[in-house]
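Novice: Have a look at the structure that comes next, please.
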Protein chains: 2
Amino acid sequence: MNAMRRITPVILSGGSGMRLWPLSRQDRPKQFLALSGECSLVQETALRVSDPADFAPPLVVAGEAQGPEIEAQLAAAGIPGARILLESAARNTAPAVALAAFAADADDLLLVLPSDHFIADAAAFRAHVAAARAAAEADWLVTFGMTPDRAETGYGYIAPGEEIGGGLRRVAEFVEKPDRATAEAWLASGSHLWNSGIFLFRAAAFLDALAAHAPGVHAALSHGDLASSPSLSIDVAVMEKHDRVAVRPAAFGWSDIGSWESLHAVLAKDAAGNALAGDVVALDTSGCLIRSDGPVVAAIGVSDLVIVATERAVLIVPRAESQRAQEAIAALLARDRPA
Amino acid sequence: MNAMRRITPVILSGGSGMRLWPLSRQDRPKQFLALSGECSLVQETALRVSDPADFAPPLVVAGEAQGPEIEAQLAAAGIPGARILLESAARNTAPAVALAAFAADADDLLLVLPSDHFIADAAAFRAHVAAARAAAEADWLVTFGMTPDRAETGYGYIAPGEEIGGGLRRVAEFVEKPDRATAEAWLASGSHLWNSGIFLFRAAAFLDALAAHAPGVHAALSHGDLASSPSLSIDVAVMEKHDRVAVRPAAFGWSDIGSWESLHAVLAKDAAGNALAGDVVALDTSGCLIRSDGPVVAAIGVSDLVIVATERAVLIVPRAESQRAQEAIAALLARDRPA
């Protein structure tokens, strides 16, 4: 039997964002947090593509400081055979993916997965990946474009062009984060998709495109020299420039969890619209995300707030303004305080 | 020179309320908390009447478990000569005051002071006390009635009757906590005063009234037997029944701090109406009371909330509903959790 080559997940764990402060911190980025259920986001990311019938063990690209934590979390989740590639320097996603692509076989199909995203419907996700396989084998660089369900201004968008078969369309344009009016117009017209940052391609196809469009990155990583590579995102380095880029329109309950608000959108909620986690008493409260990893939190008579408590810090902010957590971090850093 | 007998403060520290939960707890009642500045409420209460020219050392009536803490706090505040009378059982204010009155000389003027109240203008307070002295020496039981500045429904009220000279009026009636419409009518008419729970009387005058109106309390305490005394408030036992009860209308920034809302009303506030204490970052925030004795609290874009954090618990509640903190305590106790 001539079995199909299994897909190799490439899990990117370089991030050190603090957008879920105070739960995420510089020394505990978002992918290590359990935001729904018991598993951390990186564990869920790996488990989602762990069926050995379809997937090879993952390549995990991680910041050097994260190596031991990644290893421990994958072991705890029962992910065998993962190869962890440590980044000697933080150089954004294009060099990180190149590091993995050079470590893979040329014909390996690489499924690039940010380690800190949320996907509600793993089966639908895998079905979309399977459906994109033929295009990737035909050297398309495939991205997955999420069908918007709200006028989100925090995501980049993709304008799909002509159909190329198999439910995929050529990418007409990658578009930066829009203003609200534009996002609302796109939501109404259905003309644009969210750029999920999830990709499927043949390792050699990606590296060829990289050599053409970002030769500095390609040259550095061909010698395994991350530190000397330009710092570029995969979108800017390759996707926005290459002509053989396709998008698979999809909907599988995806979120990049870039703010508490976007986490609230995907979490299970009670009848009053509250997403509660940890040691929380919520009375006469609605539309809130309340989470404690430290002291008991008692919320009474409040609506549409994000309330997050750890042993070190407590954040209270209206849900719709939750990206403003960054302002608190800035204020603390201005006081020479750790955030 | 025939010096005037100095007034003896009687500081009542039997309370174990949790109305300022989570800062106040069963094992740390409100009077031991520093709510504005460095001193605790019981220290401020003692310091307010500590000028030896006018005041004798205080008699402090305290719950048995509070003895060591009271002693330490008075020592730290530099209050010499205090006598601490420990209550072998909690029996409300009438027996507690009787315990002090029996410990005093018959002719001592006793100034009964709850240990957990706030007074903004100590000099005005002392001037009102001095002005009430003559009536107390003439065996009036004098109470101090606060001129309302809002339609408060959390206080008992006093209806003053005819003038008896010296700026005092006979008490026509003590009235229980009113509903809002009644409180608003009284505020508009100026007909009623808040019952502060602060009293001035001769020890013997009080004990005589107690013997007449609450003989069970008098009999028990005449033997120093608190445990066998009925549990009665001084209002119910004596003040509401005696015919020689006077009120001095007064305004000295008084609050019983029966809720976070009433504490907010008397604390110093910034230009946006926030009263902040402890490790707090408040951005674009107004009308809030925010206090931390534990983790740093970051509040962004919120209004008119009470936010109080300790290492054990965090409370978030609209300021106008802050008495609902009790509901959180009840919910925690229902979970067999300490509050």
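How things are named: the first chain in the structure tokens is A, the next is B, and so on; residues count from 1 in each chain; ligands count from 1 in the order shown.
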As a list of chain:residue names, please: the residues near Ile316 of chain A (cut-off 8 Å, only C-alpha atoms, same-chain neighbours under 6 positions excluded).
Specialist: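 That gives A:Leu305, A:Val306, A:Ile307, A:Val308, B:Val297, B:Ala298, B:Ala299, B:Ile300, B:Val302.
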Novice: Find the residues of chain A in contact range of chain B, meaning any atom within 8 Å when counting only C-alpha atoms, and list them as number ranges by chain.
Specialist: A: 281, 283, 294-302, 310-318, 321, 324-325, 328, 331-332
Novice: Using N, CA and C atoms, can you write the selected residues to a file as a PDB file, in the first residue's frame?
Specialist:
ATOM      1  N   VAL A 281     -17.294  34.154  42.485  1.00  0.00           N
ATOM      2  CA  VAL A 281     -18.693  34.292  42.874  1.00  0.00           C
ATOM      3  C   VAL A 281     -19.265  35.419  42.023  1.00  0.00           C
ATOM      4  N   LEU A 283     -22.778  37.318  41.137  1.00  0.00           N
ATOM      5  CA  LEU A 283     -24.174  37.481  41.517  1.00  0.00           C
ATOM      6  C   LEU A 283     -24.766  38.619  40.696  1.00  0.00           C
ATOM      7  N   GLY A 294      -6.045  33.287  41.442  1.00  0.00           N
ATOM      8  CA  GLY A 294      -5.508  33.652  42.742  1.00  0.00           C
ATOM      9  C   GLY A 294      -6.645  33.830  43.734  1.00  0.00           C
ATOM     10  N   PRO A 295      -6.830  35.036  44.265  1.00  0.00           N
ATOM     11  CA  PRO A 295      -7.851  35.262  45.286  1.00  0.00           C
ATOM     12  C   PRO A 295      -9.251  35.022  44.736  1.00  0.00           C
ATOM     13  N   VAL A 296     -10.167  34.667  45.629  1.00  0.00           N
ATOM     14  CA  VAL A 296     -11.554  34.532  45.198  1.00  0.00           C
ATOM     15  C   VAL A 296     -12.041  35.893  44.706  1.00  0.00           C
ATOM     16  N   VAL A 297     -12.770  35.894  43.594  1.00  0.00           N
ATOM     17  CA  VAL A 297     -13.311  37.125  43.028  1.00  0.00           C
ATOM     18  C   VAL A 297     -14.822  37.116  43.204  1.00  0.00           C
ATOM     19  N   ALA A 298     -15.339  38.164  43.852  1.00  0.00           N
ATOM     20  CA  ALA A 298     -16.778  38.311  44.013  1.00  0.00           C
ATOM     21  C   ALA A 298     -17.230  39.512  43.206  1.00  0.00           C
ATOM     22  N   ALA A 299     -18.037  39.250  42.179  1.00  0.00           N
ATOM     23  CA  ALA A 299     -18.589  40.319  41.344  1.00  0.00           C
ATOM     24  C   ALA A 299     -20.088  40.349  41.556  1.00  0.00           C
ATOM     25  N   ILE A 300     -20.600  41.526  41.831  1.00  0.00           N
ATOM     26  CA  ILE A 300     -22.017  41.673  42.147  1.00  0.00           C
ATOM     27  C   ILE A 300     -22.578  42.833  41.327  1.00  0.00           C
ATOM     28  N   GLY A 301     -23.636  42.561  40.576  1.00  0.00           N
ATOM     29  CA  GLY A 301     -24.352  43.640  39.915  1.00  0.00           C
ATOM     30  C   GLY A 301     -23.581  44.377  38.838  1.00  0.00           C
ATOM     31  N   VAL A 302     -22.674  43.682  38.168  1.00  0.00           N
ATOM     32  CA  VAL A 302     -21.921  44.343  37.101  1.00  0.00           C
ATOM     33  C   VAL A 302     -22.178  43.643  35.759  1.00  0.00           C
ATOM     34  N   THR A 310      -4.948  37.406  39.398  1.00  0.00           N
ATOM     35  CA  THR A 310      -3.904  36.451  39.731  1.00  0.00           C
ATOM     36  C   THR A 310      -3.410  36.833  41.128  1.00  0.00           C
ATOM     37  N   GLU A 311      -2.421  36.097  41.619  1.00  0.00           N
ATOM     38  CA  GLU A 311      -1.881  36.466  42.927  1.00  0.00           C
ATOM     39  C   GLU A 311      -1.146  37.798  42.865  1.00  0.00           C
ATOM     40  N   ARG A 312      -0.728  38.181  41.660  1.00  0.00           N
ATOM     41  CA  ARG A 312       0.061  39.402  41.519  1.00  0.00           C
ATOM     42  C   ARG A 312      -0.733  40.609  41.093  1.00  0.00           C
ATOM     43  N   ALA A 313      -1.803  40.404  40.339  1.00  0.00           N
ATOM     44  CA  ALA A 313      -2.482  41.559  39.754  1.00  0.00           C
ATOM     45  C   ALA A 313      -3.934  41.246  39.456  1.00  0.00           C
ATOM     46  N   VAL A 314      -4.738  42.315  39.431  1.00  0.00           N
ATOM     47  CA  VAL A 314      -6.154  42.221  39.100  1.00  0.00           C
ATOM     48  C   VAL A 314      -6.446  43.253  38.017  1.00  0.00           C
ATOM     49  N   LEU A 315      -7.139  42.824  36.966  1.00  0.00           N
ATOM     50  CA  LEU A 315      -7.549  43.735  35.896  1.00  0.00           C
ATOM     51  C   LEU A 315      -9.065  43.856  35.897  1.00  0.00           C
ATOM     52  N   ILE A 316      -9.553  45.090  35.810  1.00  0.00           N
ATOM     53  CA  ILE A 316     -10.982  45.336  35.627  1.00  0.00           C
ATOM     54  C   ILE A 316     -11.118  46.323  34.476  1.00  0.00           C
ATOM     55  N   VAL A 317     -11.823  45.899  33.420  1.00  0.00           N
ATOM     56  CA  VAL A 317     -11.957  46.757  32.236  1.00  0.00           C
ATOM     57  C   VAL A 317     -13.236  46.353  31.504  1.00  0.00           C
ATOM     58  N   PRO A 318     -13.939  47.310  30.901  1.00  0.00           N
ATOM     59  CA  PRO A 318     -15.105  46.909  30.102  1.00  0.00           C
ATOM     60  C   PRO A 318     -14.683  45.948  28.994  1.00  0.00           C
ATOM     61  N   GLU A 321     -13.427  47.155  25.762  1.00  0.00           N
ATOM     62  CA  GLU A 321     -12.177  47.926  25.776  1.00  0.00           C
ATOM     63  C   GLU A 321     -11.027  47.082  26.303  1.00  0.00           C
ATOM     64  N   ARG A 324      -7.269  47.466  26.133  1.00  0.00           N
ATOM     65  CA  ARG A 324      -6.608  48.523  26.901  1.00  0.00           C
ATOM     66  C   ARG A 324      -5.817  47.977  28.093  1.00  0.00           C
ATOM     67  N   ALA A 325      -5.882  46.677  28.335  1.00  0.00           N
ATOM     68  CA  ALA A 325      -5.003  46.079  29.347  1.00  0.00           C
ATOM     69  C   ALA A 325      -3.554  46.511  29.122  1.00  0.00           C
ATOM     70  N   ALA A 328      -2.435  49.406  31.147  1.00  0.00           N
ATOM     71  CA  ALA A 328      -2.075  49.120  32.544  1.00  0.00           C
ATOM     72  C   ALA A 328      -0.634  48.632  32.619  1.00  0.00           C
ATOM     73  N   ALA A 331       1.596  51.521  32.312  1.00  0.00           N
ATOM     74  CA  ALA A 331       1.626  52.315  33.544  1.00  0.00           C
ATOM     75  C   ALA A 331       2.488  51.640  34.605  1.00  0.00           C
ATOM     76  N   LEU A 332       2.397  50.311  34.686  1.00  0.00           N
ATOM     77  CA  LEU A 332       3.215  49.601  35.676  1.00  0.00           C
ATOM     78  C   LEU A 332       4.692  49.681  35.315  1.00  0.00           C
TER      79      LEU A 332
END
Novice: Can you work out the spacing between atom CA of Gly17 of chain A and atom CA of Lys30 of chain A in Å, to one decimal?
Specialist: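 Value for the atom CA of Gly17 of chain A-atom CA of Lys30 of chain A distance: 6.8 Å.
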Novice: Report the distance between atom CA of Pro68 of chain B and atom CA of Ala101 of chain B in Å, rounded to one decimal place.
Specialist: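 Going from atom CA of Pro68 of chain B over to atom CA of Ala101 of chain B covers 22.4 Å.
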Novice: Give me, as a list in words, all polymer residues having an atom no more than 10 Å from Ala77 of chain B, counting only C-alpha atoms and skipping those fewer than 5 positions away in the same chain.
Specialist: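 My reading of the contact set: Cys39, Ser40, Val42, Gln43, Glu44, Ala46, Leu47, Glu71 and Ala72 of chain B.
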Novice: Save the residues we just selected, all heavy atoms, as a PDB file, in the first residue's frame?
Specialist:
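Saved to selection07.pdb:
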ATOM      1  N   CYS B  39      -3.516  55.492  60.620  1.00  0.00           N
ATOM      2  CA  CYS B  39      -4.088  54.958  61.862  1.00  0.00           C
ATOM      3  C   CYS B  39      -5.342  54.160  61.591  1.00  0.00           C
ATOM      4  O   CYS B  39      -6.115  54.464  60.681  1.00  0.00           O
ATOM      5  CB  CYS B  39      -4.418  56.103  62.813  1.00  0.00           C
ATOM      6  SG  CYS B  39      -2.951  56.861  63.513  1.00  0.00           S
ATOM      7  N   SER B  40      -5.564  53.170  62.435  1.00  0.00           N
ATOM      8  CA  SER B  40      -6.810  52.416  62.356  1.00  0.00           C
ATOM      9  C   SER B  40      -7.937  53.267  62.930  1.00  0.00           C
ATOM     10  O   SER B  40      -7.715  54.282  63.595  1.00  0.00           O
ATOM     11  CB  SER B  40      -6.689  51.122  63.150  1.00  0.00           C
ATOM     12  OG  SER B  40      -6.695  51.408  64.536  1.00  0.00           O
ATOM     13  N   VAL B  42      -9.924  52.573  65.380  1.00  0.00           N
ATOM     14  CA  VAL B  42      -9.936  52.629  66.845  1.00  0.00           C
ATOM     15  C   VAL B  42      -8.821  53.543  67.348  1.00  0.00           C
ATOM     16  O   VAL B  42      -8.997  54.267  68.340  1.00  0.00           O
ATOM     17  CB  VAL B  42      -9.844  51.211  67.463  1.00  0.00           C
ATOM     18  CG1 VAL B  42      -8.478  50.570  67.276  1.00  0.00           C
ATOM     19  CG2 VAL B  42     -10.184  51.249  68.954  1.00  0.00           C
ATOM     20  N   GLN B  43      -7.704  53.563  66.651  1.00  0.00           N
ATOM     21  CA  GLN B  43      -6.642  54.499  67.034  1.00  0.00           C
ATOM     22  C   GLN B  43      -7.104  55.939  66.835  1.00  0.00           C
ATOM     23  O   GLN B  43      -6.909  56.799  67.693  1.00  0.00           O
ATOM     24  CB  GLN B  43      -5.379  54.229  66.206  1.00  0.00           C
ATOM     25  CG  GLN B  43      -4.643  52.958  66.612  1.00  0.00           C
ATOM     26  CD  GLN B  43      -3.458  52.660  65.716  1.00  0.00           C
ATOM     27  OE1 GLN B  43      -3.531  52.821  64.500  1.00  0.00           O
ATOM     28  NE2 GLN B  43      -2.364  52.203  66.308  1.00  0.00           N
ATOM     29  N   GLU B  44      -7.735  56.200  65.709  1.00  0.00           N
ATOM     30  CA  GLU B  44      -8.223  57.564  65.458  1.00  0.00           C
ATOM     31  C   GLU B  44      -9.271  57.954  66.481  1.00  0.00           C
ATOM     32  O   GLU B  44      -9.313  59.098  66.944  1.00  0.00           O
ATOM     33  CB  GLU B  44      -8.792  57.670  64.041  1.00  0.00           C
ATOM     34  CG  GLU B  44      -7.701  57.647  62.974  1.00  0.00           C
ATOM     35  CD  GLU B  44      -8.243  57.812  61.564  1.00  0.00           C
ATOM     36  OE1 GLU B  44      -9.478  57.821  61.400  1.00  0.00           O
ATOM     37  OE2 GLU B  44      -7.423  57.923  60.641  1.00  0.00           O
ATOM     38  N   ALA B  46      -9.482  56.985  69.557  1.00  0.00           N
ATOM     39  CA  ALA B  46      -8.813  57.294  70.831  1.00  0.00           C
ATOM     40  C   ALA B  46      -8.029  58.604  70.742  1.00  0.00           C
ATOM     41  O   ALA B  46      -8.055  59.430  71.663  1.00  0.00           O
ATOM     42  CB  ALA B  46      -7.892  56.134  71.229  1.00  0.00           C
ATOM     43  N   LEU B  47      -7.344  58.796  69.630  1.00  0.00           N
ATOM     44  CA  LEU B  47      -6.523  60.003  69.484  1.00  0.00           C
ATOM     45  C   LEU B  47      -7.376  61.267  69.450  1.00  0.00           C
ATOM     46  O   LEU B  47      -6.949  62.328  69.906  1.00  0.00           O
ATOM     47  CB  LEU B  47      -5.689  59.916  68.198  1.00  0.00           C
ATOM     48  CG  LEU B  47      -4.524  58.920  68.255  1.00  0.00           C
ATOM     49  CD1 LEU B  47      -3.957  58.673  66.856  1.00  0.00           C
ATOM     50  CD2 LEU B  47      -3.424  59.435  69.204  1.00  0.00           C
ATOM     51  N   GLU B  71      -4.872  46.474  72.820  1.00  0.00           N
ATOM     52  CA  GLU B  71      -3.764  46.934  73.656  1.00  0.00           C
ATOM     53  C   GLU B  71      -2.594  47.372  72.774  1.00  0.00           C
ATOM     54  O   GLU B  71      -2.013  48.452  72.971  1.00  0.00           O
ATOM     55  CB  GLU B  71      -3.338  45.793  74.580  1.00  0.00           C
ATOM     56  CG  GLU B  71      -2.651  46.250  75.832  1.00  0.00           C
ATOM     57  CD  GLU B  71      -2.705  45.161  76.918  1.00  0.00           C
ATOM     58  OE1 GLU B  71      -3.502  44.195  76.763  1.00  0.00           O
ATOM     59  OE2 GLU B  71      -1.958  45.287  77.894  1.00  0.00           O
ATOM     60  N   ALA B  72      -2.281  46.549  71.786  1.00  0.00           N
ATOM     61  CA  ALA B  72      -1.151  46.872  70.909  1.00  0.00           C
ATOM     62  C   ALA B  72      -1.422  48.143  70.111  1.00  0.00           C
ATOM     63  O   ALA B  72      -0.544  48.999  69.960  1.00  0.00           O
ATOM     64  CB  ALA B  72      -0.885  45.694  69.968  1.00  0.00           C
TER      65      ALA B  72
END
Novice: Residues within 9 Å of His128 of chain B, please, as a list in words. Count only C-alpha atoms; anything in the same chain fewer than 6 positions from it doesn't count.
Specialist: Phe144, Arg248, Pro249, Ala250, Ala251 and Phe252 of chain B
Novice: Just to be explicit: take each residue in the selection above, keep N, CA, C and O atoms, and write the result as a PDB file, in the first residue's frame.
Specialist:
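Saved the output as result29.pdb:
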ATOM      1  N   PHE B 144     -25.782  62.767  69.958  1.00  0.00           N
ATOM      2  CA  PHE B 144     -25.370  63.723  68.939  1.00  0.00           C
ATOM      3  C   PHE B 144     -26.058  63.345  67.633  1.00  0.00           C
ATOM      4  O   PHE B 144     -25.920  62.213  67.150  1.00  0.00           O
ATOM      5  N   ARG B 248     -27.890  66.887  70.473  1.00  0.00           N
ATOM      6  CA  ARG B 248     -27.172  68.070  69.996  1.00  0.00           C
ATOM      7  C   ARG B 248     -27.042  67.940  68.475  1.00  0.00           C
ATOM      8  O   ARG B 248     -26.315  67.059  67.994  1.00  0.00           O
ATOM      9  N   PRO B 249     -27.766  68.781  67.730  1.00  0.00           N
ATOM     10  CA  PRO B 249     -27.581  68.744  66.272  1.00  0.00           C
ATOM     11  C   PRO B 249     -26.151  69.156  65.933  1.00  0.00           C
ATOM     12  O   PRO B 249     -25.638  70.130  66.498  1.00  0.00           O
ATOM     13  N   ALA B 250     -25.542  68.434  65.054  1.00  0.00           N
ATOM     14  CA  ALA B 250     -24.119  68.643  64.814  1.00  0.00           C
ATOM     15  C   ALA B 250     -23.766  68.245  63.390  1.00  0.00           C
ATOM     16  O   ALA B 250     -24.494  67.495  62.735  1.00  0.00           O
ATOM     17  N   ALA B 251     -22.632  68.746  62.947  1.00  0.00           N
ATOM     18  CA  ALA B 251     -22.085  68.320  61.653  1.00  0.00           C
ATOM     19  C   ALA B 251     -20.575  68.345  61.801  1.00  0.00           C
ATOM     20  O   ALA B 251     -19.987  69.406  62.003  1.00  0.00           O
ATOM     21  N   PHE B 252     -19.968  67.175  61.786  1.00  0.00           N
ATOM     22  CA  PHE B 252     -18.501  67.127  61.855  1.00  0.00           C
ATOM     23  C   PHE B 252     -17.943  66.035  60.940  1.00  0.00           C
ATOM     24  O   PHE B 252     -16.935  65.428  61.236  1.00  0.00           O
TER      25      PHE B 252
END
Novice: So how far away is atom CA of Trp260 of chain A from atom CA of Pro148 of chain A, in Å?
Specialist: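 These atoms are spaced 18.3 Å apart.
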Novice: For the structure I just gave you, how does DSSP split segment 35-83 of chain B - specifically, which residues are strand (DSSP E)? Reply as number ranges by chain.
Specialist: B: 59-63, 83
Novice: Quick one: everything within 9 Å of Ala106 of chain A, counting only C-alpha atoms, minus sequence neighbours fewer than 2 positions away in the same chain. Send it as JSON, numbers by chain.
Specialist: {"A": [101, 102, 104, 108, 109, 202, 203, 204, 205, 207]}
